[in-house]
>>> print(open('work_20.txt').read())   # compact mmCIF, C-alpha atoms
# COMPACT_ATOMS: atom_id res chain seq x y z
CA MET U 14 11.22 43.86 -37.60
CA HIS U 15 15.00 43.72 -37.23
CA GLY U 16 14.67 41.47 -34.19
CA ILE U 17 12.21 39.22 -36.00
CA GLY U 18 14.60 39.01 -38.93
CA LEU U 19 17.47 37.97 -36.68
CA TRP U 20 15.28 35.33 -35.02
CA TRP U 21 14.12 34.02 -38.40
CA ARG U 22 17.68 33.66 -39.72
CA GLN U 23 19.37 32.22 -36.64
CA PRO U 24 20.88 28.74 -37.13
CA ASP U 25 19.37 25.70 -35.49
CA HIS U 26 20.66 24.20 -32.25
CA TYR U 27 20.69 20.61 -33.44
CA ASP U 28 24.42 19.85 -33.41
CA TRP U 29 25.44 21.58 -30.18
CA LEU U 30 22.33 20.40 -28.28
CA THR U 31 22.88 16.83 -29.48
CA SER U 32 26.53 17.05 -28.40
CA TYR U 33 25.45 18.53 -25.06
CA LEU U 34 23.04 15.67 -24.42
CA LYS U 35 25.54 13.09 -25.60
CA GLY U 36 28.30 14.51 -23.42
CA ARG U 37 26.07 14.23 -20.37
CA ARG U 38 24.82 10.77 -21.39
CA LEU U 39 21.25 12.02 -21.76
CA LEU U 40 20.81 11.01 -25.40
CA PRO U 41 19.46 7.50 -24.58
CA PHE U 42 16.89 9.11 -22.28
CA MET U 43 15.84 11.51 -25.05
CA ARG U 44 15.52 8.65 -27.54
CA TRP U 45 13.26 6.74 -25.17
CA LEU U 46 11.28 9.89 -24.40
CA MET U 47 10.63 10.58 -28.09
CA PHE U 48 9.74 6.92 -28.62
CA VAL U 49 7.20 6.94 -25.78
CA VAL U 50 5.64 10.30 -26.68
CA LEU U 51 5.24 9.52 -30.39
CA LEU U 52 4.01 5.99 -29.76
CA THR U 53 1.47 7.35 -27.25
CA ILE U 54 0.08 9.76 -29.86
CA ALA U 55 0.01 6.96 -32.44
CA ALA U 56 -1.90 4.72 -30.02
CA ALA U 57 -4.34 7.54 -29.21
CA ILE U 58 -5.16 8.04 -32.90
CA ALA U 59 -5.56 4.29 -33.35
CA LEU U 60 -7.98 4.09 -30.39
CA THR U 61 -10.25 6.73 -31.95
CA LEU U 62 -11.09 4.14 -34.62
CA ALA U 63 -13.03 2.21 -31.99
CA SER U 64 -14.96 5.26 -30.76
CA PRO U 65 -18.37 6.44 -32.02
CA ALA U 66 -16.94 9.97 -32.07
CA GLY U 67 -13.91 8.85 -34.06
CA PRO U 68 -13.43 8.43 -37.81
CA GLN U 69 -16.54 7.08 -39.52
CA THR U 70 -16.24 7.39 -43.28
CA PRO U 71 -13.77 5.18 -45.23
CA ALA U 72 -11.63 8.23 -46.06
CA GLN U 73 -11.47 9.27 -42.39
CA ARG U 74 -10.56 5.78 -41.24
CA ILE U 75 -7.80 5.45 -43.88
CA ALA U 76 -6.38 8.83 -42.79
CA ALA U 77 -6.38 7.69 -39.15
CA TYR U 78 -4.71 4.37 -40.03
CA VAL U 79 -1.99 6.11 -42.04
CA ALA U 80 -1.41 8.78 -39.36
CA SER U 81 -1.14 6.20 -36.58
CA ALA U 82 1.20 3.97 -38.59
CA GLY U 83 3.39 6.91 -39.63
CA LEU U 84 3.87 8.11 -36.05
CA ALA U 85 4.60 4.55 -34.92
CA VAL U 86 7.33 4.20 -37.56
CA ILE U 87 8.91 7.52 -36.52
CA SER U 88 8.82 6.50 -32.85
CA VAL U 89 10.62 3.22 -33.58
CA SER U 90 13.23 5.15 -35.56
CA TYR U 91 14.06 7.17 -32.44
CA LEU U 92 14.29 3.97 -30.43
CA TYR U 93 16.76 2.55 -32.95
CA ARG U 94 19.10 5.57 -32.97
CA TRP U 95 19.19 9.34 -32.70
CA PRO U 96 18.50 10.88 -36.14
CA THR U 97 20.71 13.20 -38.13
CA ARG U 98 19.62 16.82 -38.57
CA VAL U 99 18.01 16.13 -41.97
CA GLN U 100 16.26 13.01 -40.69
CA SER U 101 14.95 14.97 -37.71
CA GLN U 102 13.61 17.67 -40.03
CA VAL U 103 11.85 15.05 -42.16
CA PHE U 104 10.41 13.43 -39.02
CA SER U 105 9.12 16.82 -37.84
CA ILE U 106 7.34 17.52 -41.13
CA ALA U 107 5.93 13.99 -41.28
CA GLY U 108 4.82 14.24 -37.64
CA ASN U 109 2.97 17.47 -38.45
CA ALA U 110 1.12 15.81 -41.29
CA CYS U 111 0.27 12.68 -39.28
CA ILE U 112 -1.08 14.56 -36.25
CA ALA U 113 -3.13 16.91 -38.44
CA ALA U 114 -4.58 13.98 -40.43
CA GLY U 115 -5.35 11.97 -37.29
CA VAL U 116 -7.05 14.90 -35.57
CA LEU U 117 -9.10 16.11 -38.54
CA ALA U 118 -10.26 12.55 -39.29
CA GLU U 119 -12.37 12.50 -36.13
CA ALA U 120 -16.10 12.84 -36.67
CA ASP U 121 -16.72 14.90 -33.51
CA PRO U 122 -15.05 18.33 -33.78
CA ARG U 123 -14.96 18.72 -30.00
CA THR U 124 -12.74 15.67 -29.58
CA ALA U 125 -10.72 16.85 -32.58
CA MET U 126 -10.12 20.15 -30.78
CA ILE U 127 -8.76 18.24 -27.78
CA GLY U 128 -6.55 16.14 -30.04
CA ALA U 129 -4.85 19.27 -31.40
CA VAL U 130 -3.05 19.52 -28.05
CA ALA U 131 -0.63 16.90 -29.46
CA PHE U 132 0.99 19.69 -31.48
CA VAL U 133 2.36 21.22 -28.26
CA GLY U 134 4.83 18.37 -27.73
CA LEU U 135 5.97 18.33 -31.37
CA ALA U 136 6.34 22.12 -31.47
CA GLY U 137 8.38 21.99 -28.25
CA TYR U 138 10.80 19.51 -29.85
CA VAL U 139 11.12 21.64 -32.99
CA ALA U 140 11.66 24.79 -30.88
CA PHE U 141 14.58 23.18 -29.08
CA PHE U 142 16.33 21.55 -32.04
CA HIS U 143 15.39 23.36 -35.25
CA THR U 144 15.10 26.76 -36.89
CA ALA U 145 12.36 29.38 -36.74
CA PRO U 146 10.88 28.43 -40.16
CA PHE U 147 10.36 24.85 -38.96
CA LEU U 148 8.79 26.13 -35.75
CA VAL U 149 6.42 28.42 -37.65
CA LEU U 150 5.47 25.51 -39.93
CA THR U 151 4.64 23.34 -36.92
CA LEU U 152 2.73 26.08 -35.08
CA GLY U 153 0.92 27.07 -38.25
CA THR U 154 -0.20 23.49 -38.83
CA GLY U 155 -1.34 23.18 -35.22
CA VAL U 156 -3.27 26.45 -35.24
CA ALA U 157 -4.82 25.67 -38.62
CA THR U 158 -5.97 22.28 -37.34
CA ALA U 159 -7.48 23.93 -34.26
CA VAL U 160 -9.21 26.58 -36.42
CA VAL U 161 -10.77 23.92 -38.67
CA SER U 162 -12.09 22.10 -35.60
CA ALA U 163 -13.41 25.38 -34.14
CA VAL U 164 -15.23 26.19 -37.40
CA ARG U 165 -16.86 22.77 -37.34
CA ILE U 166 -18.01 23.37 -33.75
CA ALA U 167 -19.36 26.80 -34.68
CA MET U 168 -21.24 25.37 -37.67
CA ALA U 169 -22.90 22.93 -35.25
CA GLY U 170 -24.38 25.96 -33.44
CA ASP U 171 -21.99 26.67 -30.54
CA THR U 172 -19.93 29.64 -31.74
CA ALA U 173 -19.04 30.96 -28.29
CA MET U 174 -17.67 27.60 -27.15
CA ALA U 175 -15.72 27.24 -30.40
CA ALA U 176 -14.08 30.64 -29.91
CA ALA U 177 -13.32 29.98 -26.24
CA LYS U 178 -11.70 26.59 -26.84
CA LEU U 179 -9.74 27.95 -29.81
CA LEU U 180 -8.26 30.78 -27.73
CA ILE U 181 -7.27 28.41 -24.91
CA LEU U 182 -5.74 25.90 -27.29
CA CYS U 183 -3.83 28.50 -29.34
CA GLY U 184 -2.44 30.00 -26.14
CA GLY U 185 -0.94 26.63 -25.20
CA ILE U 186 0.26 25.78 -28.70
CA LEU U 187 2.00 29.13 -29.16
CA ALA U 188 3.32 29.93 -25.68
CA VAL U 189 5.15 26.72 -24.77
CA PRO U 190 7.29 26.34 -27.94
CA PHE U 191 8.25 30.03 -28.07
CA CYS U 192 9.34 29.95 -24.43
CA GLY U 193 11.32 26.80 -25.19
CA GLN U 194 13.11 28.41 -28.14
CA VAL U 195 14.02 31.51 -26.11
CA MET U 196 15.39 29.30 -23.34
CA VAL U 197 17.47 27.11 -25.65
CA HIS U 198 18.83 30.23 -27.42
CA TRP U 199 20.24 31.60 -24.17
CA LEU U 200 21.50 28.16 -23.20
CA SER U 201 23.42 28.06 -26.49
CA VAL U 202 24.87 31.51 -25.79
CA ASP U 203 26.02 30.42 -22.32
CA SER U 204 27.39 27.17 -23.73
CA LEU U 205 29.35 29.10 -26.36
CA LYS U 206 30.79 31.41 -23.72
CA SER U 207 31.80 28.48 -21.51
CA SER U 208 33.62 26.94 -24.47
CA THR U 209 35.53 30.07 -25.52
CA ASP U 210 38.79 31.58 -24.30
CA THR U 211 38.01 35.19 -23.41
CA LEU U 212 41.42 36.64 -24.40
CA THR U 213 41.96 35.12 -27.84
CA GLY U 214 38.40 34.23 -28.81
CA LEU U 215 39.55 30.69 -29.62
CA PRO U 216 37.72 27.68 -28.22
CA ASN U 217 39.02 26.42 -24.88
CA ARG U 218 39.65 22.74 -24.07
CA ARG U 219 35.94 21.99 -23.84
CA GLY U 220 35.29 23.69 -27.16
CA PHE U 221 38.20 21.84 -28.75
CA PHE U 222 36.84 18.44 -27.74
CA ARG U 223 33.43 19.39 -29.09
CA SER U 224 34.88 20.51 -32.45
CA ALA U 225 37.27 17.55 -32.73
CA GLN U 226 34.47 15.06 -32.06
CA ALA U 227 32.38 16.79 -34.75
CA LEU U 228 35.26 16.34 -37.21
CA LEU U 229 35.38 12.63 -36.48
CA ARG U 230 31.61 12.25 -36.78
CA HIS U 231 31.55 13.85 -40.22
CA ALA U 232 34.72 12.23 -41.58
CA ASP U 233 34.63 10.47 -44.96
CA TYR U 234 36.04 7.14 -43.78
CA ARG U 235 36.19 5.69 -47.27
CA SER U 236 39.13 7.96 -48.14
CA ARG U 237 40.96 6.84 -44.95
CA PRO U 238 42.01 10.33 -43.84
CA TYR U 239 44.53 10.97 -41.08
CA PHE U 240 43.37 12.65 -37.90
CA THR U 241 46.31 14.68 -36.60
CA VAL U 242 46.60 16.56 -33.31
CA ALA U 243 49.34 19.14 -32.74
CA MET U 244 50.24 20.32 -29.25
CA ILE U 245 51.84 23.77 -29.38
CA ASP U 246 53.76 25.42 -26.54
CA LEU U 247 55.40 28.86 -26.85
CA ASP U 248 59.12 28.91 -26.09
CA GLY U 249 60.34 31.35 -23.44
CA PHE U 250 56.91 32.82 -22.85
CA LYS U 251 57.40 33.20 -19.09
CA LYS U 252 60.62 35.16 -19.68
CA LEU U 253 58.79 37.43 -22.14
CA ASN U 254 56.09 38.11 -19.53
CA ASP U 255 58.72 38.88 -16.91
CA THR U 256 60.71 41.27 -19.11
CA LEU U 257 58.06 42.99 -21.25
CA GLY U 258 55.04 42.57 -18.98
CA HIS U 259 51.73 40.76 -19.26
CA PRO U 260 50.20 43.17 -21.81
CA ALA U 261 52.94 42.19 -24.28
CA GLY U 262 52.35 38.53 -23.43
CA ASP U 263 48.64 38.96 -24.13
CA MET U 264 49.41 40.52 -27.52
CA VAL U 265 51.64 37.54 -28.35
CA LEU U 266 48.86 35.11 -27.48
CA VAL U 267 46.39 37.02 -29.65
CA ALA U 268 48.89 37.04 -32.53
CA VAL U 269 49.42 33.29 -32.22
CA ALA U 270 45.64 32.78 -32.16
CA ASP U 271 45.35 34.80 -35.38
CA SER U 272 48.03 32.59 -36.96
CA LEU U 273 46.02 29.51 -36.01
CA ARG U 274 42.90 31.00 -37.56
CA HIS U 275 44.80 31.79 -40.76
CA VAL U 276 45.99 28.20 -41.13
CA SER U 277 42.74 26.54 -40.03
CA GLY U 278 40.05 25.47 -42.48
CA SER U 279 36.82 23.51 -42.58
CA ASN U 280 38.49 20.26 -41.47
CA THR U 281 40.35 21.70 -38.48
CA ALA U 282 39.78 22.35 -34.78
CA ILE U 283 41.82 24.91 -32.84
CA ALA U 284 41.96 25.95 -29.20
CA ARG U 285 43.93 27.66 -26.47
CA VAL U 286 44.09 25.12 -23.66
CA GLY U 287 46.51 26.71 -21.21
CA GLY U 288 48.60 29.78 -20.49
CA GLU U 289 50.79 29.45 -23.60
CA GLU U 290 49.52 26.09 -24.90
CA PHE U 291 47.42 25.62 -28.01
CA LEU U 292 45.89 22.64 -29.78
CA PHE U 293 45.46 22.22 -33.52
CA ALA U 294 43.65 19.21 -35.03
CA GLN U 295 43.25 18.35 -38.71
CA LEU U 296 41.42 15.76 -40.77
CA CYS U 297 43.52 15.43 -43.94
CA THR U 298 46.47 13.55 -45.37
CA LEU U 299 49.61 13.20 -43.27
CA ASP U 300 51.64 15.34 -45.67
CA GLU U 301 49.04 18.13 -45.58
CA ALA U 302 49.06 18.08 -41.78
CA ARG U 303 52.84 18.35 -41.67
CA ASP U 304 52.89 21.16 -44.24
CA SER U 305 50.30 23.22 -42.39
CA THR U 306 52.10 22.68 -39.08
CA GLU U 307 55.38 23.86 -40.61
CA GLU U 308 53.55 26.90 -42.01
CA LEU U 309 52.21 27.63 -38.55
CA ARG U 310 55.67 27.23 -36.95
CA LYS U 311 57.11 29.80 -39.36
CA ALA U 312 54.18 32.18 -38.78
CA ILE U 313 54.68 32.09 -35.01
CA ALA U 314 58.43 32.60 -35.40
CA ALA U 315 57.64 35.73 -37.45
CA VAL U 316 55.66 37.35 -34.62
CA PRO U 317 57.33 40.70 -33.77
CA TRP U 318 58.22 39.83 -30.18
CA GLY U 319 60.63 37.08 -31.23
CA VAL U 320 58.54 34.21 -29.86
CA THR U 321 58.92 30.68 -31.19
CA ALA U 322 56.96 27.50 -30.49
CA SER U 323 57.61 23.81 -29.93
CA PHE U 324 55.26 21.42 -31.75
CA GLY U 325 54.33 17.82 -31.06
CA LEU U 326 52.32 15.90 -33.67
CA ALA U 327 50.38 12.66 -33.25
CA SER U 328 48.34 11.06 -36.03
CA THR U 329 46.16 8.06 -36.70
CA VAL U 330 44.41 6.90 -39.85
CA ILE U 331 40.61 6.79 -39.64
CA ARG U 332 39.44 3.55 -41.27
CA ALA U 333 35.99 3.34 -39.63
CA PRO U 334 33.77 5.44 -37.35
CA ALA U 335 35.46 5.91 -33.98
CA LEU U 336 33.53 3.99 -31.33
CA LYS U 337 34.96 6.17 -28.56
CA PRO U 338 36.02 9.47 -30.18
CA LEU U 339 36.66 11.17 -26.83
CA GLU U 340 39.19 8.52 -25.79
CA LEU U 341 40.83 8.65 -29.23
CA ILE U 342 41.28 12.42 -28.99
CA GLU U 343 42.67 12.19 -25.45
CA TRP U 344 45.12 9.49 -26.56
CA LEU U 345 46.38 11.62 -29.46
CA ILE U 346 46.73 14.68 -27.21
CA ALA U 347 48.82 12.67 -24.73
CA ARG U 348 51.13 11.44 -27.50
CA ALA U 349 51.39 14.92 -29.04
CA ASP U 350 52.18 16.36 -25.61
CA SER U 351 55.12 13.95 -25.18
CA ALA U 352 56.42 14.85 -28.63
CA MET U 353 56.08 18.57 -27.85
CA TYR U 354 58.22 18.23 -24.71
CA ALA U 355 60.82 16.38 -26.76
CA ALA U 356 60.91 19.33 -29.17
CA LYS U 357 61.24 21.75 -26.27
CA ARG U 358 64.12 19.77 -24.71
CA SER U 359 65.90 19.88 -28.07
CA GLY U 360 65.91 23.68 -28.10
CA GLY U 361 62.40 24.60 -29.27
CA ASN U 362 61.18 26.15 -32.53
CA GLN U 363 60.82 22.72 -34.10
CA ILE U 364 58.36 19.91 -34.75
CA ARG U 365 58.62 16.43 -33.29
CA TYR U 366 56.45 13.49 -34.27
CA ALA U 367 54.99 11.10 -31.74
CA GLU U 368 56.27 8.02 -33.59
CA ASP U 369 59.83 9.27 -33.07
CA VAL U 370 59.41 9.69 -29.32
CA PRO U 371 59.59 6.72 -26.89
CA GLN U 372 56.26 6.38 -25.10
>>> encode(input="work_20.txt", output="structure tokens")
Amino acid sequence: MHGIGLWWRQPDHYDWLTSYLKGRRLLPFMRWLMFVVLLTIAAAIALTLASPAGPQTPAQRIAAYVASAGLAVISVSYLYRWPTRVQSQVFSIAGNACIAAGVLAEADPRTAMIGAVAFVGLAGYVAFFHTAPFLVLTLGTGVATAVVSAVRIAMAGDTAMAAAKLLILCGGILAVPFCGQVMVHWLSVDSLKSSTDTLTGLPNRRGFFRSAQALLRHADYRSRPYFTVAMIDLDGFKKLNDTLGHPAGDMVLVAVADSLRHVSGSNTAIARVGGEEFLFAQLCTLDEARDSTEELRKAIAAVPWGVTASFGLASTVIRAPALKPLELIEWLIARADSAMYAAKRSGGNQIRYAEDVPQ
């Protein structure tokens, strides 16, 4: 029961899996795949209207028309652009309803039983991208549709065949999505590990880019916030390692990471990107970014081992959605890096701004 509870409460994989697909340029393929699959199911339901075994009564035919049209609209939405998490959840619920209506509208329960196979594809999508409650809703709808069709077959006099087909269908509907959700769960665990620095527990460079891009995607552009990147390099860290040893150096790095966590908030991204290098990004006003960076500089200077840090800051105002967020982040990091080296050349334990440094 404890394991089931953990599974039931685990967050969805929508954001990280979408970022994963986008980073590998697979999102257009997924959009086309969803478009083709959903449009195929819509066309299949529409074709049943021309079959003697398909919908016959006015109510059945209306249900089939609505189900086919609804799936077609959802498929075109995927072709237009990849949905947000909420839109995807709405599409999943609507897809459930459309497939169930289209299948149950068929006059012949045997063909309806075959049509319930369409739930496998939808449940697989939900298993990969959404939470356990959404998966249970989808599987429950699919199984309920199959049970209704099996009861209709049994009432026609073939109980054994109804039970046999129901067992085969439920095995497919249940097994494939659950296997998919287990697989994507372990993929997310591996992805998290590959994006995390093992010593400090902070994100590494890959994790930083993922978090920074998420900040830009969710920015409120109407308020024209500043996106600021700070490059941080510890002063004299090599000398500390040579004199006090690597264990002391590791403790310093962990202490600096804790300082970053203390300063960070909901609109920040932090990371350890090198031996003694850290990155700190914020989405806020320019004054707030400078205040928090000064707070962080003082916190690092207060670390017991007498370590200080040189900071380089680069900012840009966000007036509209960034067309190429990855390139924007890389550009800011390069400018912040130049400013950081200027601070280091001036003696360290200070903040330099990119606009003050010749590029």
>>> residues_around(input="work_20.txt", residues="Asn362 (chain U)", least_positions_apart="3", cutoff="8 Å", atoms="only C-alpha atoms", output="PDB file with C-alpha atoms, keeping the file's coordinate frame")
ATOM      1  CA  ASP U 248      59.120  28.910 -26.090  1.00  0.00           C
ATOM      2  CA  ARG U 310      55.670  27.230 -36.950  1.00  0.00           C
ATOM      3  CA  ALA U 314      58.430  32.600 -35.400  1.00  0.00           C
ATOM      4  CA  THR U 321      58.920  30.680 -31.190  1.00  0.00           C
ATOM      5  CA  ALA U 322      56.960  27.500 -30.490  1.00  0.00           C
ATOM      6  CA  SER U 323      57.610  23.810 -29.930  1.00  0.00           C
ATOM      7  CA  PHE U 324      55.260  21.420 -31.750  1.00  0.00           C
ATOM      8  CA  ALA U 356      60.910  19.330 -29.170  1.00  0.00           C
ATOM      9  CA  LYS U 357      61.240  21.750 -26.270  1.00  0.00           C
TER      10      LYS U 357
END
>>> residues_around(input="work_20.txt", residues="Ser277 (chain U)", least_positions_apart="5", cutoff="12 Å", atoms="all atoms listed in the file", output="PDB file with C-alpha atoms, in the frame of the given file")
ATOM      1  CA  LEU U 215      39.550  30.690 -29.620  1.00  0.00           C
ATOM      2  CA  ALA U 270      45.640  32.780 -32.160  1.00  0.00           C
ATOM      3  CA  ASP U 271      45.350  34.800 -35.380  1.00  0.00           C
ATOM      4  CA  SER U 272      48.030  32.590 -36.960  1.00  0.00           C
ATOM      5  CA  ALA U 282      39.780  22.350 -34.780  1.00  0.00           C
ATOM      6  CA  ILE U 283      41.820  24.910 -32.840  1.00  0.00           C
ATOM      7  CA  ALA U 284      41.960  25.950 -29.200  1.00  0.00           C
ATOM      8  CA  LEU U 292      45.890  22.640 -29.780  1.00  0.00           C
ATOM      9  CA  PHE U 293      45.460  22.220 -33.520  1.00  0.00           C
ATOM     10  CA  ALA U 294      43.650  19.210 -35.030  1.00  0.00           C
ATOM     11  CA  GLN U 295      43.250  18.350 -38.710  1.00  0.00           C
ATOM     12  CA  LEU U 296      41.420  15.760 -40.770  1.00  0.00           C
ATOM     13  CA  CYS U 297      43.520  15.430 -43.940  1.00  0.00           C
ATOM     14  CA  GLU U 301      49.040  18.130 -45.580  1.00  0.00           C
ATOM     15  CA  ALA U 302      49.060  18.080 -41.780  1.00  0.00           C
ATOM     16  CA  SER U 305      50.300  23.220 -42.390  1.00  0.00           C
ATOM     17  CA  THR U 306      52.100  22.680 -39.080  1.00  0.00           C
ATOM     18  CA  GLU U 308      53.550  26.900 -42.010  1.00  0.00           C
ATOM     19  CA  LEU U 309      52.210  27.630 -38.550  1.00  0.00           C
TER      20      LEU U 309
END
>>> closest_residue(input="work_20.txt", among="U:Ala167, U:Leu148, U:Leu187, U:Val330", to="Pro238 (chain U)", atoms="only C-alpha atoms")
U:Val330
>>> residues_near_point(input="work_20.txt", point="(38.5, 23.6, -21.1)", cutoff="10 Å", atoms="all atoms listed in the file", output="list in words")
Ser207, Ser208, Thr209, Asp210, Pro216, Asn217, Arg218, Arg219, Gly220, Phe221, Phe222, Ala284, Arg285, Val286 and Gly287 of chain U
>>> closest_residue(input="work_20.txt", among="U:Thr329, U:Gly108, U:Tyr354, U:Asp233", to="Ala82 (chain U)", atoms="only C-alpha atoms")
U:Gly108
>>> closest_residue(input="work_20.txt", among="U:Leu273, U:Trp45, U:Ala327, U:Met353", to="Glu368 (chain U)", atoms="all atoms listed in the file")
U:Ala327
>>> residues_around(input="work_20.txt", residues="Gly325 (chain U)", least_positions_apart="3", cutoff="9 Å", atoms="all atoms listed in the file", output="JSON, numbers by chain")
{"U": [242, 243, 244, 245, 246, 348, 349, 350, 351, 352, 353, 354, 355, 356, 363, 364, 365, 366, 367]}
>>> build_atoms(input="work_20.txt", residues="region 58-81 of chain U", atoms="N, CA and C atoms", output="short mmCIF file (atom, residue, chain, number, x, y, z; two decimals), in the coordinates of the input")
data_model
loop_
_atom_site.label_atom_id
_atom_site.label_comp_id
_atom_site.auth_asym_id
_atom_site.auth_seq_id
_atom_site.Cartn_x
_atom_site.Cartn_y
_atom_site.Cartn_z
N ILE U 58 -4.46 7.93 -31.61
CA ILE U 58 -5.16 8.04 -32.90
C ILE U 58 -5.77 6.70 -33.29
N ALA U 59 -5.03 5.61 -33.03
CA ALA U 59 -5.56 4.29 -33.35
C ALA U 59 -6.80 3.97 -32.52
N LEU U 60 -6.84 4.37 -31.26
CA LEU U 60 -7.98 4.09 -30.39
C LEU U 60 -9.24 4.83 -30.84
N THR U 61 -9.06 5.99 -31.49
CA THR U 61 -10.25 6.73 -31.95
C THR U 61 -11.04 5.93 -32.98
N LEU U 62 -10.39 4.97 -33.63
CA LEU U 62 -11.09 4.14 -34.62
C LEU U 62 -12.17 3.28 -33.99
N ALA U 63 -12.02 3.03 -32.69
CA ALA U 63 -13.03 2.21 -31.99
C ALA U 63 -14.08 3.05 -31.30
N SER U 64 -14.02 4.37 -31.46
CA SER U 64 -14.96 5.26 -30.76
C SER U 64 -16.06 5.74 -31.71
N PRO U 65 -17.29 5.90 -31.19
CA PRO U 65 -18.37 6.44 -32.02
C PRO U 65 -18.10 7.87 -32.47
N ALA U 66 -17.27 8.60 -31.70
CA ALA U 66 -16.94 9.97 -32.07
C ALA U 66 -15.72 10.05 -32.97
N GLY U 67 -15.12 8.89 -33.24
CA GLY U 67 -13.91 8.85 -34.06
C GLY U 67 -14.21 8.82 -35.53
N PRO U 68 -13.24 8.47 -36.35
CA PRO U 68 -13.43 8.43 -37.81
C PRO U 68 -14.55 7.47 -38.20
N GLN U 69 -15.41 7.91 -39.12
CA GLN U 69 -16.54 7.08 -39.52
C GLN U 69 -16.51 6.73 -41.00
N THR U 70 -16.23 7.67 -41.84
CA THR U 70 -16.24 7.39 -43.28
C THR U 70 -14.97 6.61 -43.67
N PRO U 71 -14.98 5.91 -44.80
CA PRO U 71 -13.77 5.18 -45.23
C PRO U 71 -12.56 6.09 -45.37
N ALA U 72 -12.75 7.30 -45.90
CA ALA U 72 -11.63 8.23 -46.06
C ALA U 72 -11.05 8.63 -44.70
N GLN U 73 -11.93 8.90 -43.73
CA GLN U 73 -11.47 9.27 -42.39
C GLN U 73 -10.71 8.14 -41.73
N ARG U 74 -11.21 6.93 -41.88
CA ARG U 74 -10.56 5.78 -41.24
C ARG U 74 -9.19 5.49 -41.88
N ILE U 75 -9.10 5.65 -43.21
CA ILE U 75 -7.80 5.45 -43.88
C ILE U 75 -6.80 6.51 -43.38
N ALA U 76 -7.27 7.76 -43.26
CA ALA U 76 -6.38 8.83 -42.79
C ALA U 76 -5.88 8.53 -41.38
N ALA U 77 -6.77 8.02 -40.53
CA ALA U 77 -6.38 7.69 -39.15
C ALA U 77 -5.39 6.53 -39.13
N TYR U 78 -5.64 5.51 -39.95
CA TYR U 78 -4.71 4.37 -40.03
C TYR U 78 -3.31 4.84 -40.46
N VAL U 79 -3.27 5.65 -41.52
CA VAL U 79 -1.99 6.11 -42.04
C VAL U 79 -1.27 6.99 -41.02
N ALA U 80 -2.01 7.89 -40.36
CA ALA U 80 -1.41 8.78 -39.36
C ALA U 80 -0.84 7.99 -38.20
N SER U 81 -1.60 7.02 -37.71
CA SER U 81 -1.14 6.20 -36.58
C SER U 81 0.10 5.39 -36.96
#
